[in-house]
Amino acid sequence: LFLPLSFWNLTTPASQEAYKRRLSRYPLDLQPRLGATVYDTPREPSMGLLQQIRAFLHGSFAYIDLCISDPNFPVNTLPGDIASSISLELRDEPDAERIKAIALFASRQSVYRAKGVHQGVLGVRSAKELEACRAAGLPYVSGPAVSGLLDKPPALGANPADALPLKAA
């Protein structure tokens, strides 16, 4: 389970206190299964703010994902332990621009691997975008092309992959 948290809310003491109260309700045995998706991460975030966010989230979450909107995000300037993954959230642009963004983001895979950071793409809305992610070797994708909103989670476990609710598969 990934919980969405605002980058800017995580930088203010009042918001952190509110988050602490809410997060204290989660049983400690859930921590290995919880992730935090930090959305609205700026293109060039301050190292001090990122370290503050990491320190705050580390006790409650096993995974930290930075959600970005710039496919040319300067991951090479980040310490490797800041995030488990960085996910590109595709902007509401024409399809050709979205596919270019996927290609640019994917072209930097060696830098992400060297940092030990996984890449993901969010908001994939067409079969072409999904195929661009597959062709580029980006294994973590989500969005309407992957699955629509479901009334209840699919029964995983015993189901083969072809039984999952992939729309564009």
# chains A, B, ... in the order shown; residues from 1 in each chain; ligands from 1
>>> select_by_dssp(residues="region 30-135 of chain A", states="helix (DSSP H, G or I)", output="ChimeraX atom specification")
/A:30-33,47-58,75-77,95-106,109-115,127-135
>>> residues_around(residues="region 56-58 of chain A", least_positions_apart="2", cutoff="12 Å", atoms="only C-alpha atoms", output="compact mmCIF listing (two decimals) with N, CA, C and O atoms, in the first residue's frame")
# COMPACT_ATOMS: atom_id res chain seq x y z
N LEU A 3 0.85 5.29 0.31
CA LEU A 3 0.06 6.41 0.80
C LEU A 3 0.58 7.69 0.15
O LEU A 3 1.77 7.99 0.23
N PRO A 4 -0.29 8.47 -0.53
CA PRO A 4 0.18 9.72 -1.13
C PRO A 4 0.32 10.83 -0.11
O PRO A 4 -0.57 11.07 0.70
N LEU A 5 1.47 11.50 -0.14
CA LEU A 5 1.76 12.60 0.77
C LEU A 5 2.35 13.76 -0.04
O LEU A 5 3.19 13.55 -0.91
N PHE A 7 4.71 16.75 -0.95
CA PHE A 7 6.08 17.18 -0.65
C PHE A 7 6.07 18.39 0.28
O PHE A 7 6.77 18.41 1.29
N ASN A 9 3.69 19.61 2.23
CA ASN A 9 3.14 19.37 3.57
C ASN A 9 4.16 18.68 4.47
O ASN A 9 4.15 18.87 5.68
N LEU A 10 5.02 17.87 3.87
CA LEU A 10 6.03 17.17 4.66
C LEU A 10 7.16 18.08 5.13
O LEU A 10 8.01 17.66 5.90
N THR A 11 7.15 19.32 4.68
CA THR A 11 8.23 20.24 5.06
C THR A 11 7.81 21.22 6.15
O THR A 11 8.64 22.02 6.59
N THR A 12 6.56 21.17 6.58
CA THR A 12 6.11 22.09 7.62
C THR A 12 5.88 21.34 8.93
O THR A 12 5.30 20.26 8.94
N PRO A 13 6.33 21.89 10.04
CA PRO A 13 6.18 21.22 11.34
C PRO A 13 4.72 20.90 11.70
O PRO A 13 4.42 19.83 12.22
N SER A 15 2.17 20.27 9.69
CA SER A 15 1.71 19.13 8.90
C SER A 15 2.37 17.84 9.37
O SER A 15 1.73 16.79 9.43
N GLN A 16 3.64 17.90 9.70
CA GLN A 16 4.32 16.71 10.19
C GLN A 16 3.68 16.19 11.47
O GLN A 16 3.52 14.98 11.64
N GLU A 17 3.29 17.10 12.36
CA GLU A 17 2.62 16.68 13.60
C GLU A 17 1.29 15.99 13.29
O GLU A 17 0.95 14.97 13.90
N TYR A 19 0.53 14.42 10.51
CA TYR A 19 0.86 13.11 9.94
C TYR A 19 1.29 12.14 11.03
O TYR A 19 0.90 10.97 11.02
N LYS A 20 2.09 12.59 11.99
CA LYS A 20 2.56 11.71 13.08
C LYS A 20 1.38 11.11 13.83
O LYS A 20 1.37 9.92 14.14
N LEU A 23 -0.24 8.53 11.48
CA LEU A 23 0.62 7.37 11.23
C LEU A 23 0.80 6.52 12.48
O LEU A 23 1.04 5.31 12.38
N SER A 24 0.67 7.10 13.66
CA SER A 24 0.84 6.33 14.89
C SER A 24 -0.27 5.30 15.07
O SER A 24 -0.14 4.38 15.87
N GLN A 31 4.50 -1.85 8.77
CA GLN A 31 5.53 -0.99 8.20
C GLN A 31 6.27 -1.63 7.03
O GLN A 31 6.51 -0.96 6.03
N PRO A 32 6.62 -2.91 7.05
CA PRO A 32 7.33 -3.49 5.90
C PRO A 32 6.49 -3.54 4.62
O PRO A 32 7.02 -3.74 3.54
N LEU A 34 4.27 -0.95 3.79
CA LEU A 34 3.78 0.39 3.49
C LEU A 34 4.82 1.20 2.71
O LEU A 34 6.01 1.11 2.96
N GLY A 35 4.31 1.99 1.77
CA GLY A 35 5.15 2.91 1.02
C GLY A 35 4.53 4.29 1.05
O GLY A 35 3.32 4.45 1.22
N ALA A 36 5.35 5.29 0.88
CA ALA A 36 4.89 6.67 0.79
C ALA A 36 5.21 7.20 -0.60
O ALA A 36 6.35 7.09 -1.05
N THR A 37 4.21 7.73 -1.28
CA THR A 37 4.41 8.40 -2.56
C THR A 37 4.39 9.89 -2.29
O THR A 37 3.36 10.43 -1.90
N VAL A 38 5.52 10.53 -2.49
CA VAL A 38 5.64 11.96 -2.22
C VAL A 38 5.39 12.70 -3.54
O VAL A 38 6.25 12.75 -4.41
N LEU A 49 15.69 19.52 2.55
CA LEU A 49 14.27 19.14 2.64
C LEU A 49 14.09 17.65 2.36
O LEU A 49 13.31 16.98 3.04
N LEU A 50 14.80 17.13 1.36
CA LEU A 50 14.69 15.70 1.05
C LEU A 50 15.17 14.84 2.22
O LEU A 50 14.54 13.84 2.56
N GLN A 51 16.25 15.24 2.86
CA GLN A 51 16.74 14.47 4.01
C GLN A 51 15.78 14.57 5.18
O GLN A 51 15.56 13.59 5.91
N GLN A 52 15.17 15.74 5.36
CA GLN A 52 14.17 15.92 6.42
C GLN A 52 12.96 15.01 6.15
O GLN A 52 12.46 14.33 7.06
N ILE A 53 12.49 14.98 4.91
CA ILE A 53 11.35 14.13 4.54
C ILE A 53 11.71 12.66 4.73
O ILE A 53 10.94 11.88 5.29
N ARG A 54 12.89 12.27 4.29
CA ARG A 54 13.33 10.87 4.43
C ARG A 54 13.38 10.47 5.91
O ARG A 54 12.90 9.42 6.30
N SER A 60 8.03 5.01 9.47
CA SER A 60 6.69 4.51 9.21
C SER A 60 6.55 3.74 7.90
O SER A 60 5.60 2.99 7.73
N PHE A 61 7.48 3.96 6.97
CA PHE A 61 7.35 3.37 5.64
C PHE A 61 8.62 2.63 5.23
O PHE A 61 9.72 3.10 5.45
N ALA A 62 8.42 1.49 4.61
CA ALA A 62 9.55 0.72 4.11
C ALA A 62 10.03 1.25 2.76
O ALA A 62 11.19 1.06 2.40
N TYR A 63 9.15 1.90 2.00
CA TYR A 63 9.48 2.39 0.67
C TYR A 63 9.09 3.86 0.55
O TYR A 63 8.04 4.27 1.05
N ILE A 64 9.93 4.61 -0.13
CA ILE A 64 9.62 6.01 -0.41
C ILE A 64 9.75 6.23 -1.91
O ILE A 64 10.79 5.93 -2.51
N ASP A 65 8.67 6.72 -2.50
CA ASP A 65 8.62 7.01 -3.93
C ASP A 65 8.49 8.51 -4.11
O ASP A 65 7.61 9.13 -3.50
N ASP A 81 20.21 6.85 -1.12
CA ASP A 81 19.30 6.34 -0.09
C ASP A 81 18.10 7.25 0.16
O ASP A 81 17.32 6.99 1.06
N ILE A 82 17.91 8.29 -0.62
CA ILE A 82 16.79 9.22 -0.41
C ILE A 82 15.46 8.56 -0.74
O ILE A 82 14.47 8.75 -0.04
N ALA A 83 15.40 7.77 -1.83
CA ALA A 83 14.13 7.18 -2.25
C ALA A 83 14.36 5.77 -2.78
O ALA A 83 15.43 5.45 -3.29
N SER A 84 13.33 4.94 -2.66
CA SER A 84 13.36 3.60 -3.22
C SER A 84 13.07 3.65 -4.71
O SER A 84 13.57 2.84 -5.48
>>> residues_around(residues="Leu138 (chain A)", least_positions_apart="3", cutoff="7 Å", atoms="only C-alpha atoms", output="ChimeraX atom specification")
/A:106,119-120,133-134
>>> write_last_selection(atoms="all heavy atoms", output="mmCIF file, in the first residue's frame")
data_model
loop_
_atom_site.group_PDB
_atom_site.id
_atom_site.type_symbol
_atom_site.label_atom_id
_atom_site.label_comp_id
_atom_site.auth_asym_id
_atom_site.auth_seq_id
_atom_site.Cartn_x
_atom_site.Cartn_y
_atom_site.Cartn_z
ATOM 1 N N ALA A 106 13.047 7.054 -19.664
ATOM 2 C CA ALA A 106 13.644 5.720 -19.801
ATOM 3 C C ALA A 106 15.095 5.787 -20.255
ATOM 4 O O ALA A 106 15.893 4.901 -19.907
ATOM 5 C CB ALA A 106 12.825 4.885 -20.775
ATOM 6 N N GLN A 119 12.423 2.912 -11.342
ATOM 7 C CA GLN A 119 11.647 3.893 -12.092
ATOM 8 C C GLN A 119 10.230 3.387 -12.295
ATOM 9 O O GLN A 119 10.017 2.193 -12.479
ATOM 10 C CB GLN A 119 12.262 4.128 -13.482
ATOM 11 C CG GLN A 119 13.558 4.897 -13.470
ATOM 12 C CD GLN A 119 14.130 4.995 -14.868
ATOM 13 O OE1 GLN A 119 14.623 4.019 -15.393
ATOM 14 N NE2 GLN A 119 14.054 6.181 -15.454
ATOM 15 N N GLY A 120 9.272 4.302 -12.294
ATOM 16 C CA GLY A 120 7.881 3.974 -12.577
ATOM 17 C C GLY A 120 7.250 5.088 -13.386
ATOM 18 O O GLY A 120 7.756 6.209 -13.419
ATOM 19 N N CYS A 133 6.371 2.086 -22.537
ATOM 20 C CA CYS A 133 6.962 1.711 -21.244
ATOM 21 C C CYS A 133 7.562 0.313 -21.308
ATOM 22 O O CYS A 133 8.684 0.077 -20.829
ATOM 23 C CB CYS A 133 5.918 1.790 -20.132
ATOM 24 S SG CYS A 133 5.370 3.457 -19.741
ATOM 25 N N ARG A 134 6.818 -0.611 -21.904
ATOM 26 C CA ARG A 134 7.324 -1.991 -22.035
ATOM 27 C C ARG A 134 8.578 -2.035 -22.882
ATOM 28 O O ARG A 134 9.561 -2.673 -22.519
ATOM 29 C CB ARG A 134 6.265 -2.881 -22.677
ATOM 30 C CG ARG A 134 5.193 -3.328 -21.762
ATOM 31 C CD ARG A 134 4.290 -4.309 -22.485
ATOM 32 N NE ARG A 134 3.179 -4.666 -21.656
ATOM 33 C CZ ARG A 134 2.001 -5.017 -22.109
ATOM 34 N NH1 ARG A 134 1.770 -5.056 -23.409
ATOM 35 N NH2 ARG A 134 1.039 -5.339 -21.283
#
>>> residues_around(residues="Phe73 (chain A)", least_positions_apart="5", cutoff="9 Å", atoms="only C-alpha atoms", output="number ranges by chain")
A: 42-44, 68, 105
>>> closest_residue(among="A:Ile99, A:Leu78, A:Ala127, A:Arg91", to="Val111 (chain A)", atoms="only C-alpha atoms")
A:Leu78
>>> decode(residues="region 63-75 of chain A", atoms="all heavy atoms", output="PDB file, in the first residue's frame")
ATOM      1  N   TYR A  63       9.147   1.899   2.003  1.00  0.00           N
ATOM      2  CA  TYR A  63       9.476   2.394   0.667  1.00  0.00           C
ATOM      3  C   TYR A  63       9.087   3.863   0.553  1.00  0.00           C
ATOM      4  O   TYR A  63       8.043   4.265   1.051  1.00  0.00           O
ATOM      5  CB  TYR A  63       8.726   1.600  -0.408  1.00  0.00           C
ATOM      6  CG  TYR A  63       8.946   0.127  -0.311  1.00  0.00           C
ATOM      7  CD1 TYR A  63       8.038  -0.682   0.358  1.00  0.00           C
ATOM      8  CD2 TYR A  63      10.079  -0.467  -0.855  1.00  0.00           C
ATOM      9  CE1 TYR A  63       8.243  -2.045   0.474  1.00  0.00           C
ATOM     10  CE2 TYR A  63      10.295  -1.830  -0.739  1.00  0.00           C
ATOM     11  CZ  TYR A  63       9.380  -2.611  -0.079  1.00  0.00           C
ATOM     12  OH  TYR A  63       9.593  -3.951   0.044  1.00  0.00           O
ATOM     13  N   ILE A  64       9.928   4.614  -0.132  1.00  0.00           N
ATOM     14  CA  ILE A  64       9.622   6.013  -0.409  1.00  0.00           C
ATOM     15  C   ILE A  64       9.749   6.226  -1.911  1.00  0.00           C
ATOM     16  O   ILE A  64      10.790   5.925  -2.509  1.00  0.00           O
ATOM     17  CB  ILE A  64      10.561   6.963   0.353  1.00  0.00           C
ATOM     18  CG1 ILE A  64      10.385   6.782   1.858  1.00  0.00           C
ATOM     19  CG2 ILE A  64      10.297   8.416  -0.052  1.00  0.00           C
ATOM     20  CD1 ILE A  64      11.374   7.548   2.701  1.00  0.00           C
ATOM     21  N   ASP A  65       8.670   6.722  -2.501  1.00  0.00           N
ATOM     22  CA  ASP A  65       8.623   7.012  -3.934  1.00  0.00           C
ATOM     23  C   ASP A  65       8.490   8.514  -4.107  1.00  0.00           C
ATOM     24  O   ASP A  65       7.614   9.129  -3.500  1.00  0.00           O
ATOM     25  CB  ASP A  65       7.425   6.301  -4.574  1.00  0.00           C
ATOM     26  CG  ASP A  65       7.252   6.670  -6.031  1.00  0.00           C
ATOM     27  OD1 ASP A  65       8.155   6.347  -6.833  1.00  0.00           O
ATOM     28  OD2 ASP A  65       6.226   7.274  -6.377  1.00  0.00           O
ATOM     29  N   LEU A  66       9.351   9.111  -4.914  1.00  0.00           N
ATOM     30  CA  LEU A  66       9.225  10.522  -5.247  1.00  0.00           C
ATOM     31  C   LEU A  66       8.476  10.615  -6.569  1.00  0.00           C
ATOM     32  O   LEU A  66       8.913  10.032  -7.564  1.00  0.00           O
ATOM     33  CB  LEU A  66      10.596  11.199  -5.379  1.00  0.00           C
ATOM     34  CG  LEU A  66      11.466  11.233  -4.131  1.00  0.00           C
ATOM     35  CD1 LEU A  66      12.794  11.928  -4.439  1.00  0.00           C
ATOM     36  CD2 LEU A  66      10.759  11.902  -2.980  1.00  0.00           C
ATOM     37  N   CYS A  67       7.377  11.313  -6.576  1.00  0.00           N
ATOM     38  CA  CYS A  67       6.558  11.471  -7.774  1.00  0.00           C
ATOM     39  C   CYS A  67       6.948  12.785  -8.444  1.00  0.00           C
ATOM     40  O   CYS A  67       6.824  13.852  -7.833  1.00  0.00           O
ATOM     41  CB  CYS A  67       5.086  11.449  -7.392  1.00  0.00           C
ATOM     42  SG  CYS A  67       3.992  11.490  -8.805  1.00  0.00           S
ATOM     43  N   ILE A  68       7.420  12.692  -9.683  1.00  0.00           N
ATOM     44  CA  ILE A  68       7.927  13.860 -10.404  1.00  0.00           C
ATOM     45  C   ILE A  68       7.107  14.081 -11.676  1.00  0.00           C
ATOM     46  O   ILE A  68       6.397  13.189 -12.122  1.00  0.00           O
ATOM     47  CB  ILE A  68       9.413  13.680 -10.770  1.00  0.00           C
ATOM     48  CG1 ILE A  68       9.603  12.459 -11.672  1.00  0.00           C
ATOM     49  CG2 ILE A  68      10.266  13.574  -9.511  1.00  0.00           C
ATOM     50  CD1 ILE A  68      10.944  12.333 -12.315  1.00  0.00           C
ATOM     51  N   SER A  69       7.216  15.265 -12.258  1.00  0.00           N
ATOM     52  CA  SER A  69       6.537  15.515 -13.529  1.00  0.00           C
ATOM     53  C   SER A  69       7.523  15.866 -14.639  1.00  0.00           C
ATOM     54  O   SER A  69       7.137  15.980 -15.788  1.00  0.00           O
ATOM     55  CB  SER A  69       5.510  16.642 -13.375  1.00  0.00           C
ATOM     56  OG  SER A  69       6.140  17.817 -12.939  1.00  0.00           O
ATOM     57  N   ASP A  70       8.796  16.013 -14.312  1.00  0.00           N
ATOM     58  CA  ASP A  70       9.828  16.332 -15.293  1.00  0.00           C
ATOM     59  C   ASP A  70      10.621  15.062 -15.615  1.00  0.00           C
ATOM     60  O   ASP A  70      11.321  14.537 -14.746  1.00  0.00           O
ATOM     61  CB  ASP A  70      10.759  17.409 -14.735  1.00  0.00           C
ATOM     62  CG  ASP A  70      11.834  17.837 -15.709  1.00  0.00           C
ATOM     63  OD1 ASP A  70      11.978  17.212 -16.782  1.00  0.00           O
ATOM     64  OD2 ASP A  70      12.544  18.804 -15.402  1.00  0.00           O
ATOM     65  N   PRO A  71      10.527  14.576 -16.872  1.00  0.00           N
ATOM     66  CA  PRO A  71      11.240  13.336 -17.208  1.00  0.00           C
ATOM     67  C   PRO A  71      12.760  13.477 -17.144  1.00  0.00           C
ATOM     68  O   PRO A  71      13.471  12.485 -17.090  1.00  0.00           O
ATOM     69  CB  PRO A  71      10.782  13.035 -18.631  1.00  0.00           C
ATOM     70  CG  PRO A  71      10.308  14.330 -19.186  1.00  0.00           C
ATOM     71  CD  PRO A  71       9.791  15.120 -18.016  1.00  0.00           C
ATOM     72  N   ASN A  72      13.247  14.697 -17.107  1.00  0.00           N
ATOM     73  CA  ASN A  72      14.675  14.949 -17.035  1.00  0.00           C
ATOM     74  C   ASN A  72      15.099  15.300 -15.609  1.00  0.00           C
ATOM     75  O   ASN A  72      16.053  16.031 -15.385  1.00  0.00           O
ATOM     76  CB  ASN A  72      15.042  16.086 -18.001  1.00  0.00           C
ATOM     77  CG  ASN A  72      16.475  15.990 -18.473  1.00  0.00           C
ATOM     78  OD1 ASN A  72      17.099  14.942 -18.382  1.00  0.00           O
ATOM     79  ND2 ASN A  72      16.999  17.088 -18.963  1.00  0.00           N
ATOM     80  N   PHE A  73      14.372  14.779 -14.640  1.00  0.00           N
ATOM     81  CA  PHE A  73      14.650  15.017 -13.220  1.00  0.00           C
ATOM     82  C   PHE A  73      16.118  14.684 -12.927  1.00  0.00           C
ATOM     83  O   PHE A  73      16.612  13.626 -13.334  1.00  0.00           O
ATOM     84  CB  PHE A  73      13.727  14.136 -12.378  1.00  0.00           C
ATOM     85  CG  PHE A  73      13.861  14.320 -10.903  1.00  0.00           C
ATOM     86  CD1 PHE A  73      13.252  15.388 -10.267  1.00  0.00           C
ATOM     87  CD2 PHE A  73      14.577  13.413 -10.141  1.00  0.00           C
ATOM     88  CE1 PHE A  73      13.363  15.558  -8.891  1.00  0.00           C
ATOM     89  CE2 PHE A  73      14.686  13.570  -8.769  1.00  0.00           C
ATOM     90  CZ  PHE A  73      14.073  14.645  -8.150  1.00  0.00           C
ATOM     91  N   PRO A  74      16.837  15.555 -12.216  1.00  0.00           N
ATOM     92  CA  PRO A  74      18.274  15.353 -11.983  1.00  0.00           C
ATOM     93  C   PRO A  74      18.569  14.312 -10.892  1.00  0.00           C
ATOM     94  O   PRO A  74      19.088  14.641  -9.826  1.00  0.00           O
ATOM     95  CB  PRO A  74      18.761  16.747 -11.595  1.00  0.00           C
ATOM     96  CG  PRO A  74      17.569  17.390 -10.964  1.00  0.00           C
ATOM     97  CD  PRO A  74      16.371  16.843 -11.696  1.00  0.00           C
ATOM     98  N   VAL A  75      18.249  13.058 -11.175  1.00  0.00           N
ATOM     99  CA  VAL A  75      18.453  11.993 -10.189  1.00  0.00           C
ATOM    100  C   VAL A  75      19.929  11.840  -9.832  1.00  0.00           C
ATOM    101  O   VAL A  75      20.256  11.422  -8.722  1.00  0.00           O
ATOM    102  CB  VAL A  75      17.856  10.658 -10.693  1.00  0.00           C
ATOM    103  CG1 VAL A  75      18.606  10.129 -11.893  1.00  0.00           C
ATOM    104  CG2 VAL A  75      17.813   9.630  -9.582  1.00  0.00           C
TER     105      VAL A  75
END
